[in-house]
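Asker: My structure is in entry.tsv, and what it holds is TSV, C-alpha atoms:
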chain	number	residue	atom	x	y	z
A	21	MET	CA	154.44	39.96	30.45
A	22	LYS	CA	154.81	39.41	26.75
A	23	ARG	CA	158.31	39.33	25.27
A	24	MET	CA	158.32	40.94	21.85
A	25	ALA	CA	161.58	42.73	21.16
A	26	GLU	CA	165.34	42.67	21.52
A	27	PHE	CA	167.84	45.54	21.73
A	28	SER	CA	171.28	45.35	20.15
A	29	LYS	CA	174.00	47.74	19.04
A	30	VAL	CA	174.42	48.97	15.49
A	31	SER	CA	177.75	48.13	13.86
A	32	TYR	CA	180.73	50.27	14.76
A	33	ASN	CA	180.92	51.58	11.18
A	34	GLN	CA	177.29	52.74	11.29
A	35	PHE	CA	177.77	54.35	14.69
A	36	HIS	CA	180.96	56.06	13.49
A	37	ASP	CA	179.26	57.53	10.42
A	38	ASP	CA	176.15	58.66	12.31
A	39	TRP	CA	178.22	60.21	15.09
A	40	LEU	CA	180.39	62.20	12.68
A	41	ASP	CA	177.33	63.23	10.68
A	42	THR	CA	175.66	64.48	13.87
A	43	PHE	CA	178.67	66.20	15.41
A	44	ASP	CA	180.25	67.93	12.39
A	45	ALA	CA	182.98	69.61	14.41
A	46	LEU	CA	184.65	66.25	15.03
A	47	LYS	CA	185.35	65.90	11.30
A	48	ASP	CA	187.87	68.72	11.61
A	49	GLU	CA	189.97	66.80	14.13
A	50	THR	CA	193.53	66.77	12.84
A	51	ASP	CA	194.51	63.62	14.67
A	52	ASN	CA	192.44	60.85	13.07
A	53	ASP	CA	193.92	58.20	15.38
A	54	LYS	CA	192.81	60.18	18.43
A	55	LEU	CA	189.34	60.64	16.93
A	56	GLU	CA	189.03	56.91	16.16
A	57	LYS	CA	190.11	56.02	19.69
A	58	HIS	CA	187.56	58.49	21.09
A	59	LEU	CA	184.72	57.07	18.97
A	60	ARG	CA	185.69	53.46	19.80
A	61	ASN	CA	185.62	54.37	23.47
A	62	ILE	CA	182.11	55.83	23.14
A	63	TYR	CA	180.92	52.83	21.11
A	64	ASN	CA	182.40	50.27	23.51
A	65	GLY	CA	180.72	52.06	26.42
A	66	ILE	CA	177.21	51.87	24.96
A	67	LYS	CA	174.86	50.06	27.34
A	68	LEU	CA	171.73	48.36	26.07
A	69	PRO	CA	168.45	49.74	27.48
A	70	LYS	CA	167.19	48.09	30.69
A	71	ARG	CA	164.22	48.35	33.01
A	72	ALA	CA	165.05	49.61	36.50
A	73	THR	CA	162.54	47.40	38.33
A	74	ALA	CA	160.30	44.42	37.61
A	75	GLN	CA	157.27	46.72	37.31
A	76	SER	CA	158.94	49.44	35.19
A	77	ALA	CA	157.14	49.97	31.89
A	78	GLY	CA	160.03	51.89	30.35
A	79	TYR	CA	163.43	50.69	29.25
A	80	ASP	CA	166.01	53.27	30.27
A	81	PHE	CA	168.35	54.45	27.52
A	82	PHE	CA	171.79	55.43	28.79
A	83	SER	CA	173.61	58.42	27.37
A	84	PRO	CA	176.69	57.50	25.32
A	85	MET	CA	178.21	60.90	26.21
A	86	SER	CA	178.20	63.65	28.79
A	87	PHE	CA	176.50	66.89	27.81
A	88	VAL	CA	175.00	70.08	29.19
A	89	LEU	CA	171.77	71.41	27.78
A	90	GLU	CA	171.11	75.10	28.40
A	91	PRO	CA	167.56	76.51	28.40
A	92	ASN	CA	166.09	76.62	24.87
A	93	ASP	CA	168.84	74.35	23.51
A	94	SER	CA	168.45	70.94	21.95
A	95	ILE	CA	170.75	68.06	21.17
A	96	LYS	CA	170.47	65.11	18.80
A	97	ILE	CA	172.13	61.93	20.02
A	98	PRO	CA	172.77	58.79	17.97
A	99	THR	CA	172.34	56.15	20.67
A	100	GLY	CA	174.02	53.30	18.79
A	101	ILE	CA	171.00	51.15	19.76
A	102	ARG	CA	168.62	49.33	17.46
A	103	CYS	CA	165.55	47.30	18.32
A	104	GLU	CA	164.03	44.29	16.58
A	105	MET	CA	160.32	43.88	17.35
A	106	TYR	CA	157.62	41.39	16.54
A	107	ASP	CA	154.90	42.55	14.13
A	108	GLY	CA	152.20	44.63	15.77
A	109	TRP	CA	154.48	46.42	18.25
A	110	VAL	CA	155.96	49.92	18.41
A	111	LEU	CA	158.60	51.45	20.67
A	112	MET	CA	157.67	54.91	21.96
A	113	GLY	CA	160.37	57.18	23.38
A	114	PHE	CA	159.93	59.65	26.24
A	115	PRO	CA	162.27	61.66	28.46
A	116	ARG	CA	162.73	60.13	31.90
A	117	SER	CA	159.90	61.51	33.99
A	118	GLY	CA	162.16	62.98	36.67
A	119	LEU	CA	164.13	64.95	34.07
A	120	GLY	CA	160.95	66.31	32.53
A	121	PHE	CA	159.42	67.19	35.88
A	122	LYS	CA	162.50	68.74	37.50
A	123	TYR	CA	164.11	70.39	34.48
A	124	GLY	CA	161.53	70.67	31.69
A	125	LEU	CA	163.38	68.21	29.46
A	126	SER	CA	161.28	67.03	26.53
A	127	MET	CA	161.62	65.14	23.29
A	128	ALA	CA	161.82	67.56	20.37
A	129	ASN	CA	159.02	65.67	18.60
A	130	THR	CA	156.99	65.18	21.83
A	131	VAL	CA	156.93	61.36	21.57
A	132	SER	CA	159.34	59.37	19.44
A	133	ILE	CA	157.85	56.51	17.45
A	134	ILE	CA	160.19	53.69	16.46
A	135	ASP	CA	158.40	51.39	14.05
A	136	GLY	CA	159.30	47.71	13.88
A	137	ASP	CA	160.57	47.95	10.31
A	138	TYR	CA	163.03	50.71	11.24
A	139	PHE	CA	165.35	47.89	12.38
A	140	ASP	CA	166.05	47.03	8.72
A	141	SER	CA	166.56	50.58	7.42
A	142	ASP	CA	169.74	51.74	5.71
A	143	ASN	CA	171.16	53.12	8.97
A	144	GLU	CA	170.71	49.73	10.71
A	145	GLY	CA	167.85	51.20	12.74
A	146	ASN	CA	170.14	53.43	14.83
A	147	ILE	CA	167.76	55.11	17.29
A	148	PHE	CA	168.34	58.84	17.56
A	149	VAL	CA	167.07	60.90	20.48
A	150	LYS	CA	166.56	64.64	20.14
A	151	LEU	CA	166.08	66.38	23.47
A	152	THR	CA	165.02	69.95	24.16
A	153	ASN	CA	165.52	71.92	27.35
A	154	ASN	CA	162.14	73.61	27.73
A	155	SER	CA	162.98	77.12	28.84
A	156	CYS	CA	159.96	77.53	31.15
A	157	LEU	CA	162.04	76.35	34.11
A	158	ALA	CA	165.26	78.09	33.01
A	159	LYS	CA	167.49	75.36	34.43
A	160	GLU	CA	170.63	73.90	32.92
A	161	ILE	CA	170.49	70.13	32.49
A	162	ARG	CA	173.62	68.03	32.96
A	163	ILE	CA	173.67	64.43	31.76
A	164	ASN	CA	176.75	62.31	32.38
A	165	LYS	CA	177.90	59.47	30.17
A	166	GLY	CA	176.03	56.37	31.29
A	167	ASP	CA	173.13	58.27	32.90
A	168	ALA	CA	169.62	57.10	32.06
A	169	PHE	CA	168.21	60.03	30.10
A	170	CYS	CA	165.17	58.75	28.22
A	171	GLN	CA	162.98	55.68	28.19
A	172	GLY	CA	161.30	53.49	25.64
A	173	VAL	CA	157.92	51.84	26.18
A	174	PHE	CA	156.64	49.03	23.96
A	175	LEU	CA	153.00	49.18	22.95
A	176	PRO	CA	150.89	47.00	20.66
A	177	PHE	CA	149.08	48.72	17.81
A	178	GLY	CA	146.26	47.86	15.46
A	179	ILE	CA	145.37	48.60	11.86
A	180	THR	CA	142.07	49.33	10.13
A	181	LEU	CA	140.01	46.59	8.49
A	182	ASP	CA	140.59	48.07	5.03
A	183	ASP	CA	144.36	48.59	5.42
A	184	ASN	CA	146.27	47.15	2.47
A	185	THR	CA	149.65	48.85	2.91
A	186	SER	CA	152.51	46.85	1.43
A	187	ASP	CA	155.28	49.48	1.14
A	188	VAL	CA	158.68	48.78	2.69
A	189	ARG	CA	160.73	51.28	4.72
A	190	ASN	CA	164.18	52.35	3.66
A	191	GLY	CA	165.26	55.14	5.93
A	192	GLY	CA	164.52	57.08	9.08
A	193	LEU	CA	162.77	60.40	9.67
A	194	GLY	CA	160.39	61.28	6.85
A	195	SER	CA	161.02	58.06	4.94
A	196	THR	CA	157.42	56.93	5.22
A	197	ASP	CA	155.70	60.18	4.21
A	198	ALA	CA	152.31	59.43	2.66
A	199	LYS	CA	152.43	59.70	-1.09
Represent the structure from my file as C-alpha cells, please.

Answerer:
Amino acid sequence: MKRMAEFSKVSYNQFHDDWLDTFDALKDETDNDKLEKHLRNIYNGIKLPKRATAQSAGYDFFSPMSFVLEPNDSIKIPTGIRCEMYDGWVLMGFPRSGLGFKYGLSMANTVSIIDGDYFDSDNEGNIFVKLTNNSCLAKEIRINKGDAFCQGVFLPFGITLDDNTSDVRNGGLGSTDAK
C-alpha cells in the first residue's frame, strides 16, 4: 500500500477559536477558567484517525465530544485534525457504514472532499464534519466522546491534459469557487 499522507492536530489556539465559533453558546460562559479547562480537556483527548484492521480502506475519525442527534437534526464538529497529503491525492469523508445503515446517519454534503492544499489554509486545515440524522429511520443517534463516527478514505485523482490551474487556496468551504 502506498503511503501518502499524515494526520496531525491543529494548534490549540486554532481548535479553541473554531470550537467557540461553532458552538456559540459556550461564548456566554461566565467562568472563563472553567471554559478553558473544558476546551483543553477536549483538545487533549483528540485521537488521530486510525484504520481498524490491516485491510480497512477508511481511517476512523473519533468524536471529540459526546452528542445526541435527533431525527432531522444536524451537527457540525471541528475535529481538531488536519491532514498533509502528497500531490495527486484527496481525502474523502463518509459516515461509518454501520451508523448510516442502522441509523440513517449521513454527511450533510453527501461526501466530504478534503483537498491536499487545505492543510495550508488559514484555519490550519482543521477538518470539520457535518452530520445529518436522516429522518427516514426516525431513530435518535448517540455518539460518545472517543467513538469512531466517520471515516476518511484516500484516493488518487487526475487532471485534464489542458489543465493550467495555478491558484492557491486560502480558506475552507467555498474558498475555491470558480471565478

Asker: Which residue gives the smallest distance to Lys150 of chain A among A:Ile95, A:Val30, A:Leu89, A:Met21, with all atoms listed in the file counted?

Answerer: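 The closest residue to Lys150 of chain A is A:Ile95.
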
Asker: Between A:Asn153, A:Asn52, A:Ser141, A:Thr73, which residue has the minimum interatomic distance to Lys96 of chain A, considering all atoms listed in the file?

Answerer: A:Asn153

Asker: For each of A:Leu111, A:Ile147, A:Ala77, A:Cys170, take the minimum atom-to-atom distance to Phe35 of chain A, counting all atoms listed in the file, then give the residue where this is smallest.

Answerer: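 Of A:Leu111, A:Ile147, A:Ala77, A:Cys170, the one nearest Phe35 of chain A, counting all atoms listed in the file, is A:Ile147.
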
Asker: Name the residues in contact with Ile134 of chain A at a cut-off of 10 Å, using all atoms listed in the file, excluding same-chain residues fewer than 6 positions from it; report them as an NGL selection string.

Answerer: :A and (102-103 or 105 or 109-113 or 145 or 147-148 or 172 or 174 or 192-193)

Asker: Could you pull the residues within 12 Å of Thr130 of chain A, counting only C-alpha atoms, minus those fewer than 5 positions along the same chain, as a compact mmCIF listing (two decimals) with C-alpha atoms, keeping the file's coordinate frame?

Answerer:
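Okay, this is what ended up in selection.txt:
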# COMPACT_ATOMS: atom_id res chain seq x y z
CA MET A 112 157.67 54.91 21.96
CA GLY A 113 160.37 57.18 23.38
CA PHE A 114 159.93 59.65 26.24
CA PRO A 115 162.27 61.66 28.46
CA GLY A 120 160.95 66.31 32.53
CA LEU A 125 163.38 68.21 29.46
CA VAL A 149 167.07 60.90 20.48
CA LYS A 150 166.56 64.64 20.14
CA LEU A 151 166.08 66.38 23.47
CA THR A 152 165.02 69.95 24.16
CA ASN A 154 162.14 73.61 27.73

Asker: Go ahead and compute the interatomic distance for atom CA of Ser31 of chain A and atom CA of Gly78 of chain A, in Å to one decimal.

Answerer: 24.5 Å

Asker: Could you work out how far atom CA of Pro176 of chain A lies from atom CA of Glu104 of chain A, giving the answer in Å with one decimal?

Answerer: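 That distance, rounded to one decimal, is 14.0 Å.
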
Asker: Which value, in Å to one decimal, gives the distance between atom CA of Phe81 of chain A and atom CA of Ile133 of chain A?

Answerer: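 For atom CA of Phe81 of chain A relative to atom CA of Ile133 of chain A, the distance reads 14.7 Å.
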
Asker: Let me make sure I understand: among A:Leu175, A:Tyr123, A:Asp187, A:Gln34, which one has the smallest atom-to-atom distance to Glu90 of chain A if we use only C-alpha atoms?

Answerer: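 Of A:Leu175, A:Tyr123, A:Asp187, A:Gln34, the one nearest Glu90 of chain A is A:Tyr123, counting only C-alpha atoms.
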
Asker: May I have the residues within 8 Å of Tyr106 of chain A as a VMD selection string, using all atoms listed in the file and disregarding those fewer than 3 positions away in the same chain?

Answerer: chain A and resid 24 to 25 109 136

Asker: When you count all atoms listed in the file, which of these residues is closest to Asp142 of chain A: A:Asp38, A:Lys29, A:Lys70, A:Leu157?

Answerer: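 Closest to Asp142 of chain A of all the choices is A:Asp38.
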
Asker: Find the residues around Ser83 of chain A up to 6 Å (only C-alpha atoms counted), leave out those fewer than 4 positions away in its own chain, and share them as a PyMOL selection string.

Answerer: chain A and resi 165-167

Asker: Near His58 of chain A, counting only C-alpha atoms, which residues have an atom at most 12 Å away, once you skip same-chain residues fewer than 2 positions from it, shown as an MDAnalysis selection string?

Answerer: chainID A and resid 36 39:40 46 49 51:56 60:65 84:85
